[in-house]
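As provided, final13.cif (mmCIF, C-alpha atoms) reads as follows.
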```cif
data_input
#
loop_
_atom_site.group_PDB
_atom_site.id
_atom_site.type_symbol
_atom_site.label_atom_id
_atom_site.label_comp_id
_atom_site.auth_asym_id
_atom_site.auth_seq_id
_atom_site.Cartn_x
_atom_site.Cartn_y
_atom_site.Cartn_z
ATOM 1 C CA MET A 1 0.000 0.000 0.000
ATOM 2 C CA ASN A 2 1.267 3.436 -0.868
ATOM 3 C CA THR A 3 1.865 5.591 2.213
ATOM 4 C CA GLU A 4 3.384 8.683 0.598
ATOM 5 C CA THR A 5 2.254 12.024 1.903
ATOM 6 C CA TYR A 6 0.260 14.432 -0.208
ATOM 7 C CA SER A 7 0.779 18.152 -0.641
ATOM 8 C CA ARG A 8 -1.244 20.529 1.519
ATOM 9 C CA SER A 9 -3.380 21.488 -1.500
ATOM 10 C CA SER A 10 -4.136 17.800 -2.173
ATOM 11 C CA GLN A 11 -5.030 17.306 1.472
ATOM 12 C CA LEU A 12 -7.265 20.390 1.368
ATOM 13 C CA ILE A 13 -9.145 18.982 -1.631
ATOM 14 C CA HIS A 14 -9.556 15.613 0.110
ATOM 15 C CA TRP A 15 -10.766 17.082 3.405
ATOM 16 C CA GLY A 16 -12.985 19.615 1.634
ATOM 17 C CA LEU A 17 -14.678 16.798 -0.269
ATOM 18 C CA ALA A 18 -14.952 14.684 2.861
ATOM 19 C CA LEU A 19 -16.252 17.338 5.243
ATOM 20 C CA PHE A 20 -18.580 19.200 2.893
ATOM 21 C CA GLY A 21 -19.711 15.941 1.257
ATOM 22 C CA ILE A 22 -20.623 14.299 4.547
ATOM 23 C CA ALA A 23 -22.252 17.508 5.830
ATOM 24 C CA ALA A 24 -24.329 17.780 2.639
ATOM 25 C CA TRP A 25 -25.326 14.125 2.938
ATOM 26 C CA LEU A 26 -26.310 14.554 6.597
ATOM 27 C CA THR A 27 -28.466 17.606 5.803
ATOM 28 C CA GLY A 28 -30.220 15.925 2.864
ATOM 29 C CA GLU A 29 -33.359 15.179 4.838
ATOM 30 C CA ASN A 30 -33.683 18.901 5.661
ATOM 31 C CA ALA A 31 -33.932 19.644 1.941
ATOM 32 C CA ASP A 32 -37.236 17.768 1.737
ATOM 33 C CA ASP A 33 -38.975 20.624 3.588
ATOM 34 C CA GLY A 34 -39.140 22.740 0.427
ATOM 35 C CA PHE A 35 -37.012 24.977 -1.756
ATOM 36 C CA ASN A 36 -37.432 28.099 0.373
ATOM 37 C CA THR A 37 -36.588 26.591 3.747
ATOM 38 C CA ASN A 38 -33.397 27.095 5.722
ATOM 39 C CA GLY A 39 -32.810 23.335 5.656
ATOM 40 C CA PHE A 40 -32.875 23.272 1.869
ATOM 41 C CA LEU A 41 -30.616 26.327 1.612
ATOM 42 C CA LEU A 42 -28.094 24.817 4.040
ATOM 43 C CA HIS A 43 -28.077 21.582 2.043
ATOM 44 C CA LEU A 44 -27.768 23.552 -1.209
ATOM 45 C CA TYR A 45 -24.805 25.628 -0.032
ATOM 46 C CA LEU A 46 -23.009 22.586 1.332
ATOM 47 C CA GLY A 47 -23.649 20.830 -1.997
ATOM 48 C CA LEU A 48 -22.281 23.809 -3.925
ATOM 49 C CA ALA A 49 -19.139 23.665 -1.774
ATOM 50 C CA VAL A 50 -18.830 19.977 -2.729
ATOM 51 C CA LEU A 51 -19.200 20.981 -6.387
ATOM 52 C CA VAL A 52 -16.293 23.435 -6.043
ATOM 53 C CA PHE A 53 -14.056 20.827 -4.408
ATOM 54 C CA VAL A 54 -14.985 18.000 -6.788
ATOM 55 C CA LEU A 55 -14.464 20.190 -9.859
ATOM 56 C CA THR A 56 -11.119 21.285 -8.421
ATOM 57 C CA ARG A 57 -10.214 17.620 -7.920
ATOM 58 C CA PHE A 58 -11.218 16.695 -11.463
ATOM 59 C CA GLY A 59 -9.322 19.710 -12.798
ATOM 60 C CA ALA A 60 -6.222 18.594 -10.907
ATOM 61 C CA GLY A 61 -6.705 15.049 -12.184
ATOM 62 C CA ILE A 62 -6.996 16.164 -15.793
ATOM 63 C CA PHE A 63 -4.549 19.069 -15.974
ATOM 64 C CA THR A 64 -1.740 18.107 -13.586
ATOM 65 C CA ARG A 65 0.837 15.363 -13.284
ATOM 66 C CA GLY A 66 1.839 13.498 -10.181
ATOM 67 C CA LYS A 67 -0.240 12.061 -7.366
ATOM 68 C CA LEU A 68 -3.516 13.728 -8.363
ATOM 69 C CA SER A 69 -3.263 12.961 -12.073
ATOM 70 C CA PHE A 70 -5.863 10.699 -13.671
ATOM 71 C CA GLN A 71 -3.276 9.543 -16.213
ATOM 72 C CA GLY A 72 -3.428 5.751 -16.167
ATOM 73 C CA TRP A 73 -6.022 5.808 -13.387
ATOM 74 C CA THR A 74 -9.365 4.887 -14.798
ATOM 75 C CA ILE A 75 -12.130 2.450 -14.111
ATOM 76 C CA PHE A 76 -12.334 1.714 -17.837
ATOM 77 C CA ASN A 77 -8.926 0.046 -17.944
ATOM 78 C CA LYS A 78 -8.867 -3.799 -18.143
ATOM 79 C CA HIS A 79 -5.607 -3.928 -16.206
ATOM 80 C CA GLN A 80 -7.191 -1.963 -13.346
ATOM 81 C CA TRP A 81 -10.073 -4.435 -13.157
ATOM 82 C CA ARG A 82 -7.673 -7.416 -13.179
ATOM 83 C CA LEU A 83 -5.766 -5.886 -10.274
ATOM 84 C CA ALA A 84 -9.031 -5.258 -8.434
ATOM 85 C CA VAL A 85 -10.097 -8.897 -8.883
ATOM 86 C CA GLN A 86 -6.690 -10.011 -7.580
ATOM 87 C CA ASP A 87 -7.127 -7.656 -4.609
ATOM 88 C CA VAL A 88 -10.535 -9.143 -3.787
ATOM 89 C CA GLY A 89 -8.931 -12.590 -3.910
ATOM 90 C CA GLN A 90 -6.295 -11.446 -1.428
ATOM 91 C CA LEU A 91 -8.915 -9.887 0.848
ATOM 92 C CA VAL A 92 -10.899 -13.145 0.858
ATOM 93 C CA ARG A 93 -7.706 -14.828 2.116
ATOM 94 C CA PHE A 94 -7.381 -12.078 4.789
ATOM 95 C CA LYS A 95 -4.344 -10.511 3.123
ATOM 96 C CA LEU A 96 -4.054 -6.810 2.414
ATOM 97 C CA PRO A 97 -3.258 -5.932 -1.201
ATOM 98 C CA HIS A 98 -0.168 -3.823 -1.796
ATOM 99 C CA ARG A 99 -0.416 -1.608 -4.872
ATOM 100 C CA LYS A 100 0.883 1.637 -6.235
ATOM 101 C CA ILE A 101 -1.252 4.691 -5.698
ATOM 102 C CA HIS A 102 -4.732 4.469 -7.300
ATOM 103 C CA GLU A 103 -4.291 0.866 -8.428
ATOM 104 C CA GLY A 104 -6.517 -2.126 -7.891
ATOM 105 C CA ILE A 105 -9.574 -2.093 -5.708
ATOM 106 C CA ALA A 106 -8.475 1.039 -3.842
ATOM 107 C CA GLY A 107 -8.236 2.940 -7.110
ATOM 108 C CA LEU A 108 -11.668 1.746 -8.218
ATOM 109 C CA VAL A 109 -13.266 2.700 -4.901
ATOM 110 C CA GLN A 110 -11.601 6.129 -4.934
ATOM 111 C CA PHE A 111 -12.567 6.867 -8.532
ATOM 112 C CA ALA A 112 -16.122 5.629 -7.942
ATOM 113 C CA GLY A 113 -16.290 7.943 -4.923
ATOM 114 C CA LEU A 114 -15.194 10.909 -7.012
ATOM 115 C CA LEU A 115 -17.803 10.082 -9.641
ATOM 116 C CA LEU A 116 -20.440 9.709 -6.923
ATOM 117 C CA PHE A 117 -19.586 13.097 -5.385
ATOM 118 C CA LEU A 118 -19.581 14.669 -8.853
ATOM 119 C CA TRP A 119 -22.997 13.153 -9.626
ATOM 120 C CA MET A 120 -24.446 14.316 -6.324
ATOM 121 C CA ALA A 121 -23.145 17.873 -6.740
ATOM 122 C CA VAL A 122 -24.240 18.200 -10.377
ATOM 123 C CA SER A 123 -27.636 16.536 -9.932
ATOM 124 C CA GLY A 124 -28.330 18.584 -6.804
ATOM 125 C CA THR A 125 -27.455 21.783 -8.633
ATOM 126 C CA LEU A 126 -29.743 20.803 -11.504
ATOM 127 C CA ILE A 127 -32.580 20.036 -9.093
ATOM 128 C CA PHE A 128 -32.213 23.557 -7.710
ATOM 129 C CA LEU A 129 -32.068 25.109 -11.178
ATOM 130 C CA LEU A 130 -35.126 23.099 -12.310
ATOM 131 C CA GLN A 131 -37.196 23.812 -9.190
ATOM 132 C CA ASN A 132 -39.829 25.641 -11.260
ATOM 133 C CA SER A 133 -40.274 22.442 -13.283
ATOM 134 C CA THR A 134 -41.176 20.101 -10.434
ATOM 135 C CA GLY A 135 -43.219 17.253 -11.758
ATOM 136 C CA SER A 136 -41.532 17.305 -15.171
ATOM 137 C CA ALA A 137 -39.850 14.119 -16.371
ATOM 138 C CA VAL A 138 -36.412 15.786 -16.379
ATOM 139 C CA PHE A 139 -36.798 17.101 -12.830
ATOM 140 C CA GLU A 140 -38.073 13.737 -11.585
ATOM 141 C CA ALA A 141 -35.193 11.885 -13.274
ATOM 142 C CA PHE A 142 -32.570 14.058 -11.590
ATOM 143 C CA GLU A 143 -34.366 13.898 -8.248
ATOM 144 C CA GLU A 144 -34.565 10.091 -8.382
ATOM 145 C CA GLY A 145 -30.940 9.852 -9.486
ATOM 146 C CA HIS A 146 -29.921 12.133 -6.648
ATOM 147 C CA GLU A 147 -31.713 9.854 -4.179
ATOM 148 C CA VAL A 148 -29.935 6.788 -5.585
ATOM 149 C CA GLY A 149 -26.620 8.587 -5.038
ATOM 150 C CA GLU A 150 -27.703 9.455 -1.514
ATOM 151 C CA ALA A 151 -28.103 5.738 -0.795
ATOM 152 C CA LEU A 152 -24.648 4.952 -2.259
ATOM 153 C CA ILE A 153 -22.735 7.423 -0.093
ATOM 154 C CA PRO A 154 -22.783 5.210 3.034
ATOM 155 C CA LEU A 155 -21.479 2.281 0.955
ATOM 156 C CA PHE A 156 -18.599 4.409 -0.324
ATOM 157 C CA LEU A 157 -17.810 5.669 3.193
ATOM 158 C CA ILE A 158 -17.831 2.128 4.592
ATOM 159 C CA LEU A 159 -15.449 0.948 1.859
ATOM 160 C CA HIS A 160 -13.118 3.955 1.979
ATOM 161 C CA VAL A 161 -12.972 4.575 5.732
ATOM 162 C CA GLY A 162 -13.129 0.846 6.425
ATOM 163 C CA ALA A 163 -10.071 0.243 4.249
ATOM 164 C CA VAL A 164 -8.164 2.972 6.081
ATOM 165 C CA LEU A 165 -9.098 1.417 9.438
ATOM 166 C CA ILE A 166 -8.146 -2.086 8.326
ATOM 167 C CA HIS A 167 -4.791 -0.861 7.046
ATOM 168 C CA SER A 168 -4.218 0.984 10.323
ATOM 169 C CA LEU A 169 -5.025 -2.145 12.344
ATOM 170 C CA ALA A 170 -2.498 -4.008 10.181
ATOM 171 C CA GLY A 171 0.160 -1.417 11.051
ATOM 172 C CA GLU A 172 0.018 0.477 7.761
ATOM 173 C CA HIS A 173 -1.034 3.970 8.757
ATOM 174 C CA VAL A 174 -2.183 5.187 5.340
ATOM 175 C CA TRP A 175 -4.278 7.912 6.994
ATOM 176 C CA LYS A 176 -1.054 9.800 7.692
ATOM 177 C CA SER A 177 -0.771 10.625 3.973
ATOM 178 C CA MET A 178 -3.733 12.978 4.410
ATOM 179 C CA VAL A 179 -2.557 14.728 7.571
ATOM 180 C CA LYS A 180 1.243 14.896 7.489
ATOM 181 C CA LYS A 181 3.137 17.605 5.707
ATOM 182 C CA ASP A 182 4.644 16.608 2.341
ATOM 183 C CA ALA A 183 8.431 16.304 2.518
ATOM 184 C CA SER A 184 8.935 17.801 -0.971
#
```
Rewritten as structure tokens:
Amino acid sequence: MNTETYSRSSQLIHWGLALFGIAAWLTGENADDGFNTNGFLLHLYLGLAVLVFVLTRFGAGIFTRGKLSFQGWTIFNKHQWRLAVQDVGQLVRFKLPHRKIHEGIAGLVQFAGLLLFLWMAVSGTLIFLLQNSTGSAVFEAFEEGHEVGEALIPLFLILHVGAVLIHSLAGEHVWKSMVKKDAS
């Protein structure tokens, strides 16, 4: 498992996504009270903060090189899926997979999480923009899709945070990469 540290800007993106994403998810029920309520506005503003962080993360993944780059890190790569299947096989045998950054099952979970956060931020923004069209097929499609994403967030958190905890229990403190200062 890769335990390199990330730059402060990378850590800021990660923690911004985590904190604003979880806060938006936790306030989702408040949004059901109507478009003009404080609960909806709080949820909206938290979701817009997620949109800023997730777009920043995708921008860094597309336009930079290094640890945040998406180059070679994709869920559409056969090699990535083979590594993920091998990783699942190791996990079934109670062995932790050891891969380079963003490879194997860890890479798939992380990329799926980014796509999930992107979907939630974009669909939530579209729901707000289409609020005068409630009842339309387009509005209903985005609202239903947003609710599906809402149900997937706990699964992502269990996988992502659970993996960090399991690695920590095994003596591999991967969490330090998101809190320690980068040596470079």
Do you have, as a Markdown table, the list of residues of range 7-58 of chain A lying at most 12 Å from range 95-113 of chain A, each with its nearest atom pair and that distance in Å to one decimal, counting all atoms listed in the file and ordered by chain then number?
```
| residue | atom | partner | partner_atom | distance |
| --- | --- | --- | --- | --- |
| A:His14 | CA | A:Gln110 | CA | 10.9 |
| A:Leu17 | CA | A:Gly113 | CA | 10.1 |
| A:Ala18 | CA | A:Gly113 | CA | 10.4 |
| A:Gly21 | CA | A:Gly113 | CA | 10.7 |
| A:Val54 | CA | A:Gly113 | CA | 10.3 |
| A:Arg57 | CA | A:Phe111 | CA | 11.0 |
| A:Phe58 | CA | A:Phe111 | CA | 10.3 |
```
message: Take the PyMOL selection byres ((chain A and resi 47) around 8), run it mentally on this structure, and tell me the resulting residues as a PyMOL selection string.
response: chain A and resi 20-21+24+43-46+48-51+120-121+124-125
Which residues of range 84-149 of chain A come within 10 Å of range 30-37 of chain A, and for each one, what is the closest pair of atoms and their distance in Å to one decimal, counting only C-alpha atoms, sorted by chain and residue number, as a tab-separated table?
```
residue	atom	partner	partner_atom	distance
A:Ile127	CA	A:Phe35	CA	9.9
A:Phe128	CA	A:Phe35	CA	7.8
A:Gln131	CA	A:Phe35	CA	7.5
A:Asn132	CA	A:Phe35	CA	9.9
```
Given all atoms listed in the file as the counted atoms, nearest of A:Leu118, A:Ser177, A:Ser123, A:Ser168 to Phe53 in chain A: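 For Phe53 in chain A, the nearest of the given residues is A:Leu118.
Using all atoms listed in the file, the protein and nucleic acid residues lying at most 12 Å from the point (-5.0, 22.1, 2.0) are Tyr6, Ser7, Arg8, Ser9, Ser10, Gln11, Leu12, Ile13, His14, Trp15, Gly16, Leu17, Phe53, Met178, Val179, Lys180, Lys181 and Asp182 of chain A.
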- prompt: Which value, in Å to one decimal, gives the distance between CA of Gln86 in chain A and CA of Leu159 in chain A?
  reply: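 Result for CA of Gln86 in chain A versus CA of Leu159 in chain A: 16.9 Å, one decimal.
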message: Under the rule that only C-alpha atoms are counted, which of A:Leu115, A:Thr56, A:Val174, A:Val122 is the nearest residue to Ile75 in chain A?
response: A:Leu115
query: What does the distance from CA of Gly61 in chain A to CA of Leu152 in chain A come to in Å, to one decimal?
result: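 CA of Gly61 in chain A sits 22.9 Å away from CA of Leu152 in chain A.
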Around range 89-100 of chain A, with edges along x, y and z and 4 Å added on all six sides, what centre and edge lengths do you get, in Å to one decimal, as lines of an AutoDock Vina configuration file?
```
center_x = -5.0
center_y = -6.6
center_z = -0.7
size_x = 19.8
size_y = 24.5
size_z = 19.0
```
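Going from CA of Glu29 in chain A over to CA of Ser136 in chain A, you cover 21.7 Å.
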message: Using only C-alpha atoms, can you tell me which of A:His146, A:Trp175, A:Leu157, A:Gly162 comes closest to Leu19 in chain A?
response: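 The closest residue to Leu19 in chain A is A:Leu157.
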query: Nearest to Glu150 in chain A: which of A:Leu91, A:Leu126, A:Leu116, A:Ala170 is it, counting all atoms listed in the file?
result: A:Leu116
